[in-house]
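Content type compact mmCIF, C-alpha atoms, from the file upload-v4.txt:
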# COMPACT_ATOMS: atom_id res chain seq x y z
CA MET A 1 122.25 -74.94 -83.43
CA VAL A 2 124.17 -71.71 -83.09
CA GLN A 3 122.58 -68.40 -84.27
CA ASP A 4 124.31 -65.03 -84.05
CA GLY A 5 127.05 -66.78 -82.08
CA CYS A 6 124.81 -67.63 -79.16
CA THR A 7 123.32 -70.91 -78.17
CA ASP A 8 119.87 -71.49 -76.59
CA PRO A 9 121.25 -71.15 -73.07
CA CYS A 10 122.47 -67.70 -74.01
CA ARG A 11 119.00 -66.67 -75.12
CA GLN A 12 117.56 -67.85 -71.83
CA THR A 13 120.13 -65.87 -69.90
CA ALA A 14 119.30 -62.76 -71.92
CA ARG A 15 115.57 -63.13 -71.22
CA ILE A 16 116.26 -63.44 -67.47
CA ARG A 17 118.44 -60.32 -67.54
CA THR A 18 115.77 -58.44 -69.47
CA GLY A 19 113.11 -59.49 -66.86
CA VAL A 20 115.37 -58.43 -64.01
CA VAL A 21 116.00 -55.04 -65.59
CA SER A 22 112.27 -54.52 -66.25
CA ARG A 23 111.38 -55.50 -62.64
CA GLY A 24 114.05 -53.19 -61.31
CA ARG A 25 112.63 -50.30 -63.32
CA VAL A 26 109.15 -50.96 -61.89
CA LEU A 27 110.47 -50.96 -58.32
CA ALA A 28 112.40 -47.79 -59.00
CA ALA A 29 109.27 -46.12 -60.37
CA ILE A 30 107.29 -47.14 -57.26
CA ALA A 31 109.99 -45.81 -54.98
CA ALA A 32 110.09 -42.53 -56.91
CA ALA A 33 106.31 -42.16 -56.65
CA ALA A 34 106.42 -42.81 -52.90
CA ALA A 35 109.12 -40.21 -52.47
CA ALA A 36 107.13 -37.65 -54.46
CA THR A 37 104.04 -38.29 -52.32
CA ALA A 38 106.03 -37.85 -49.10
CA ALA A 39 107.51 -34.62 -50.41
CA SER A 40 104.09 -33.21 -51.29
CA CYS A 41 102.71 -34.08 -47.82
CA ALA A 42 105.67 -32.40 -46.15
CA ALA A 43 105.09 -29.28 -48.22
CA ALA A 44 101.42 -29.17 -47.18
CA GLY A 45 102.35 -29.05 -43.48
CA PRO A 46 101.64 -31.40 -40.60
CA ALA A 47 98.34 -33.27 -40.58
CA ALA A 48 95.53 -31.58 -38.62
CA ALA A 49 95.21 -33.00 -35.10
CA LEU A 50 92.02 -34.87 -34.28
CA PRO A 51 89.74 -33.11 -31.79
CA ARG A 52 90.29 -34.21 -28.22
CA PRO A 53 87.25 -35.57 -26.32
CA LEU A 54 85.70 -33.17 -23.80
CA PRO A 55 86.15 -34.11 -20.15
CA VAL A 56 83.07 -35.50 -18.43
CA THR A 57 81.96 -33.49 -15.39
CA ALA A 58 79.24 -34.21 -12.84
CA ALA A 59 75.99 -32.23 -13.08
CA PRO A 60 75.59 -29.51 -10.41
CA ALA A 61 73.65 -30.60 -7.37
CA ALA A 62 70.08 -29.32 -7.14
CA ASN A 63 69.41 -26.66 -4.52
CA SER A 64 66.65 -28.07 -2.35
CA GLY A 65 66.45 -25.07 -0.04
CA THR A 66 64.54 -21.83 -0.45
CA THR A 67 65.60 -18.32 0.31
CA ALA A 68 63.29 -16.71 2.81
CA GLY A 69 62.11 -13.22 2.05
CA ALA A 70 61.36 -10.43 4.44
CA ALA A 71 58.58 -11.03 6.93
CA GLY A 72 55.20 -9.99 5.57
CA SER A 73 56.45 -9.81 1.95
CA GLY A 74 54.63 -12.92 0.80
CA ALA A 75 57.79 -15.01 0.88
CA ALA A 76 58.56 -17.55 3.56
CA GLY A 77 58.28 -15.76 6.91
CA VAL A 78 58.92 -16.47 10.56
CA ARG A 79 57.81 -19.80 11.95
CA ARG A 80 57.67 -18.96 15.65
CA GLU A 81 54.27 -18.18 17.06
CA CYS A 82 54.08 -15.34 19.54
CA SER A 83 53.78 -16.55 23.10
CA ALA A 84 52.06 -14.73 25.92
CA ALA A 85 55.48 -13.73 27.25
CA ASP A 86 56.33 -12.09 23.89
CA LEU A 87 53.29 -9.81 23.90
CA THR A 88 52.14 -6.67 25.61
CA VAL A 89 48.35 -6.35 25.40
CA THR A 90 46.76 -2.90 25.75
CA ALA A 91 43.48 -1.20 24.92
CA GLY A 92 43.27 0.97 21.82
CA ALA A 93 40.57 3.15 20.32
CA ALA A 94 36.96 2.82 21.48
CA GLN A 95 33.93 3.74 19.38
CA ALA A 96 30.14 3.69 19.64
CA ALA A 97 27.35 4.01 17.07
CA ALA A 98 23.66 3.10 16.92
CA GLY A 99 23.69 1.13 20.13
CA HIS A 100 26.92 -0.68 19.28
CA SER A 101 30.27 -0.22 20.99
CA SER A 102 33.73 -1.46 20.04
CA LEU A 103 37.23 -1.56 21.46
CA VAL A 104 40.50 -2.25 19.68
CA LEU A 105 42.88 -4.64 21.41
CA LEU A 106 46.55 -3.99 20.66
CA LEU A 107 49.06 -6.83 20.77
CA THR A 108 52.67 -5.63 20.58
CA ASN A 109 55.68 -7.89 20.14
CA SER A 110 57.83 -6.80 23.08
CA SER A 111 60.43 -9.54 22.56
CA SER A 112 63.71 -9.28 20.66
CA ALA A 113 62.74 -11.82 17.97
CA PRO A 114 60.06 -11.85 15.26
CA CYS A 115 56.97 -13.99 15.73
CA PHE A 116 53.51 -14.37 14.25
CA LEU A 117 49.89 -14.30 15.36
CA GLN A 118 46.98 -16.02 13.64
CA GLY A 119 43.38 -16.47 14.65
CA TYR A 120 41.16 -15.10 17.38
CA PRO A 121 42.18 -13.88 20.79
CA GLY A 122 40.27 -15.34 23.68
CA VAL A 123 38.21 -12.53 25.23
CA ALA A 124 35.99 -12.68 28.30
CA LEU A 125 34.48 -10.33 30.84
CA GLN A 126 35.02 -11.45 34.38
CA LEU A 127 31.89 -10.74 36.45
CA ARG A 128 31.57 -9.94 40.12
CA ASP A 129 30.19 -13.34 41.03
CA GLY A 130 33.15 -15.11 39.40
CA ARG A 131 31.34 -16.07 36.21
CA SER A 132 32.65 -15.09 32.79
CA TYR A 133 30.91 -13.64 29.77
CA ASN A 134 32.83 -14.95 26.75
CA ALA A 135 32.99 -13.17 23.42
CA ALA A 136 31.83 -15.20 20.42
CA ARG A 137 34.18 -15.50 17.45
CA ALA A 138 33.11 -13.84 14.21
CA MET A 139 35.05 -12.73 11.14
CA THR A 140 33.02 -9.53 10.81
CA GLY A 141 30.45 -7.58 12.74
CA TYR A 142 28.58 -4.30 12.74
CA MET A 143 31.62 -2.28 13.84
CA GLY A 144 34.26 -3.97 11.69
CA GLY A 145 36.32 -7.11 11.44
CA ASP A 146 38.12 -8.97 8.71
CA ALA A 147 36.62 -9.41 5.22
CA ALA A 148 38.77 -12.47 4.45
CA LEU A 149 37.34 -15.97 4.45
CA SER A 150 39.61 -17.06 7.30
CA PRO A 151 42.11 -15.42 9.66
CA ALA A 152 45.44 -14.57 8.07
CA ARG A 153 48.88 -14.97 9.61
CA VAL A 154 50.22 -11.65 10.90
CA GLN A 155 53.98 -11.43 11.27
CA LEU A 156 55.38 -9.14 13.92
CA ALA A 157 58.90 -7.79 14.02
CA PRO A 158 60.19 -6.76 17.44
CA GLY A 159 58.23 -3.70 18.50
CA ALA A 160 55.49 -4.16 15.88
CA THR A 161 51.80 -4.19 16.78
CA ALA A 162 48.81 -6.20 15.57
CA SER A 163 45.23 -5.70 16.67
CA ALA A 164 41.83 -7.29 17.09
CA LEU A 165 38.43 -5.69 17.46
CA ILE A 166 35.80 -6.60 20.04
CA GLU A 167 32.28 -5.25 19.90
CA TRP A 168 28.95 -5.50 21.72
CA LEU A 169 25.56 -3.87 22.11
CA HIS A 170 25.39 -1.56 25.09
CA PHE A 171 21.62 -1.45 25.74
CA PRO A 172 19.53 -4.03 27.62
CA HIS A 173 18.53 -7.06 25.65
CA ASP A 174 14.86 -6.63 26.52
CA GLY A 175 14.87 -3.04 25.33
CA SER A 176 14.23 -1.57 28.76
CA ALA A 177 15.73 1.72 29.80
CA THR A 178 17.29 0.34 32.96
CA VAL A 179 20.43 -1.79 32.85
CA THR A 180 20.34 -4.76 35.22
CA PRO A 181 22.28 -8.02 35.35
CA ALA A 182 19.13 -9.81 34.25
CA ASP A 183 19.05 -8.16 30.84
CA CYS A 184 22.69 -7.08 30.44
CA ALA A 185 25.12 -10.00 30.64
CA GLY A 186 28.25 -7.88 31.09
CA ASP A 187 26.82 -5.40 33.57
CA ARG A 188 29.32 -4.32 36.23
CA ALA A 189 32.09 -6.55 34.92
CA VAL A 190 35.25 -6.21 36.97
CA ARG A 191 37.85 -7.23 34.41
CA LEU A 192 38.45 -7.79 30.69
CA LEU A 193 40.56 -10.89 30.05
CA VAL A 194 42.45 -11.14 26.76
CA THR A 195 44.36 -14.27 25.72
CA ALA A 196 46.52 -14.32 22.60
CA PRO A 197 45.75 -17.02 19.99
CA ASP A 198 46.89 -20.50 21.05
CA GLN A 199 47.95 -19.26 24.50
CA THR A 200 46.57 -19.87 28.00
CA THR A 201 47.89 -16.90 29.96
CA SER A 202 45.54 -13.91 29.93
CA ALA A 203 46.27 -10.20 30.10
CA ARG A 204 43.95 -8.18 32.35
CA LEU A 205 42.46 -4.92 31.14
CA ALA A 206 39.79 -2.54 32.42
CA PRO A 207 36.27 -3.60 31.41
CA PRO A 208 33.87 -1.36 29.48
CA GLY A 209 32.55 1.47 31.65
CA PRO A 210 28.99 1.91 32.97
CA ALA A 211 28.13 4.19 30.05
CA SER A 212 28.79 1.40 27.56
CA PRO A 213 28.24 -1.99 29.22
CA ALA A 214 28.57 -5.16 27.19
CA CYS A 215 24.95 -6.24 27.48
CA TRP A 216 24.72 -8.72 24.59
CA GLY A 217 26.05 -9.49 21.11
CA PHE A 218 29.60 -9.70 22.53
CA GLN A 219 31.99 -10.60 19.66
CA VAL A 220 35.72 -10.80 18.95
CA HIS A 221 37.18 -10.56 15.44
CA PRO A 222 40.50 -12.04 14.20
CA VAL A 223 43.93 -10.53 14.68
CA VAL A 224 44.85 -8.27 11.76
CA ALA A 225 47.92 -6.25 10.85
CA GLY A 226 48.10 -2.66 12.05
CA ARG A 227 46.40 -0.87 14.91
CA ALA A 228 42.86 -0.42 13.54
CA GLY A 229 41.54 -3.83 14.49
CA GLN A 230 39.83 -4.29 11.13
CA TYR A 231 40.56 -4.72 7.45
CA LEU A 232 41.57 -1.65 5.48
CA GLY A 233 38.77 0.23 3.77
CA HIS A 234 36.12 -0.74 6.28
CA ALA A 235 33.27 1.76 6.19
CA SER A 236 32.04 3.55 9.26
CA ALA A 237 29.50 1.81 11.44
CA THR A 238 26.65 4.03 10.26
CA SER A 239 27.30 3.28 6.56
CA ASN A 240 28.29 -0.36 6.86
CA PRO A 241 25.84 -2.46 4.80
CA ARG A 242 26.49 -5.54 6.99
CA THR A 243 24.35 -5.52 10.09
CA ASN A 244 24.12 -7.99 12.93
CA HIS A 245 22.01 -8.40 16.05
CA GLY A 246 18.91 -7.22 14.17
CA ARG A 247 20.14 -3.65 14.06
The structure in this file should be written as structure tokens.
Amino acid sequence: MVQDGCTDPCRQTARIRTGVVSRGRVLAAIAAAAAATAASCAAAGPAAALPRPLPVTAAPAANSGTTAGAAGSGAAGVRRECSAADLTVTAGAAQAAAGHSSLVLLLTNSSSAPCFLQGYPGVALQLRDGRSYNAARAMTGYMGGDAALSPARVQLAPGATASALIEWLHFPHDGSATVTPADCAGDRAVRLLVTAPDQTTSARLAPPGPASPACWGFQVHPVVAGRAGQYLGHASATSNPRTNHGR
């Protein structure tokens, strides 16, 4: 049957053409939308760059060493102990009070390098018969000493001096008025021997004179800084509340 001059095949062809046109319009619309989107992105400028990762670096190595401070400042000091060859030993100030006598021993670093002293000097009176009268070690005594609990390390720069105090009672042990070897151990000593801490070579000094013989109570106190032979602030022998030897 023919209607409007077109057969059924004609109608089918028309429907196909209509579908093709409609599909073409859809594709054209999609293309137009894509173009509009691209144009808007171009107008907004280039996309922001993503942040770059930070480079990985090794951690700094730990400093295992220490910086030594000046000698005697409380920081790390010298590690070399003074030898007998480093030191010049001389006699310093002598004092007497209430039957007690004392003598300061001066130990000067005569070398060209710093060193330290710590502890007690060895001190002995050499007697005429070859025997020795050795001083006993004591932190403090009637005439002075060191108030610390133990001897401190004393650092000595070249030319610096440390000191130690020795003391004794200069009257006979039995209380008699006459000094004899029987009651005065250091009577008529011929030499005073002084050995620096941890050393074996002794310096030889003049012994106490006849007016102040080392009869008994012979003591040596630790090496301290300075030339006084005792801790700072030590009171005089007559006002010192610490007494030894029953005096």
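Reported to one decimal place, the separation of atom CA of A:Tyr133 from atom CA of A:Gly119 is 19.8 Å.
The smallest atom-to-atom distance between A:Ala182 and any of A:Ala138, A:Leu106, A:Ala228, A:Cys215, using all atoms listed in the file, is found for A:Cys215.
Atom to atom, atom CA of A:Ala225 and atom CA of A:Gln118 stand 10.2 Å apart.
The spacing separating atom CA of A:Pro114 from atom CA of A:Ala162 amounts to 12.6 Å.
Ranking A:Ile166, A:Ala206, A:Leu156, A:Ala214 by their shortest atom-to-atom distance to A:Val123, with only C-alpha atoms included, puts A:Ile166 first.
Checking A:Ala124, A:Arg188, A:Pro222, A:Ala136 one by one against A:Leu149, counting all atoms listed in the file, you find the shortest gap at A:Pro222.
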query = When distances are computed from only C-alpha atoms, which of A:Gln155, A:Ser212, A:Gln95, A:Ser101 shows the smallest separation from A:Ala189?
reply = A:Ser212
inquiry  = Counting only C-alpha atoms, find residues at most 12 Å from (56.8, -4.7, 18.2) (file frame) and give them as a PyMOL selection string.
reply    = chain A and resi 82+86-89+106-116+155-163+225-227
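Among A:Ala84, A:Ala135, A:Val220, A:Leu103, the residue with the shortest atom-to-atom distance to A:Thr200, counting all atoms listed in the file, is A:Ala84.
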query = Around (40.8, -0.8, 18.9) in the file's frame, which residues reach within 6 Å when counting all atoms listed in the file? Return as JSON, numbers by chain?
reply = {"A": [92, 93, 94, 103, 104, 105, 165, 228, 229]}
message = What's around A:Gln199 at 10 Å? Count only C-alpha atoms, leave out sequence neighbours fewer than 6 positions away in its own chain, and write the answer as a ChimeraX atom specification.
response = /A:81-85,121-122
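Of the residues under consideration (A:Ser202, A:Ser102, A:Thr180, A:Gln126), A:Ser102 shows the shortest atom-to-atom contact distance to A:His221 when counting only C-alpha atoms.
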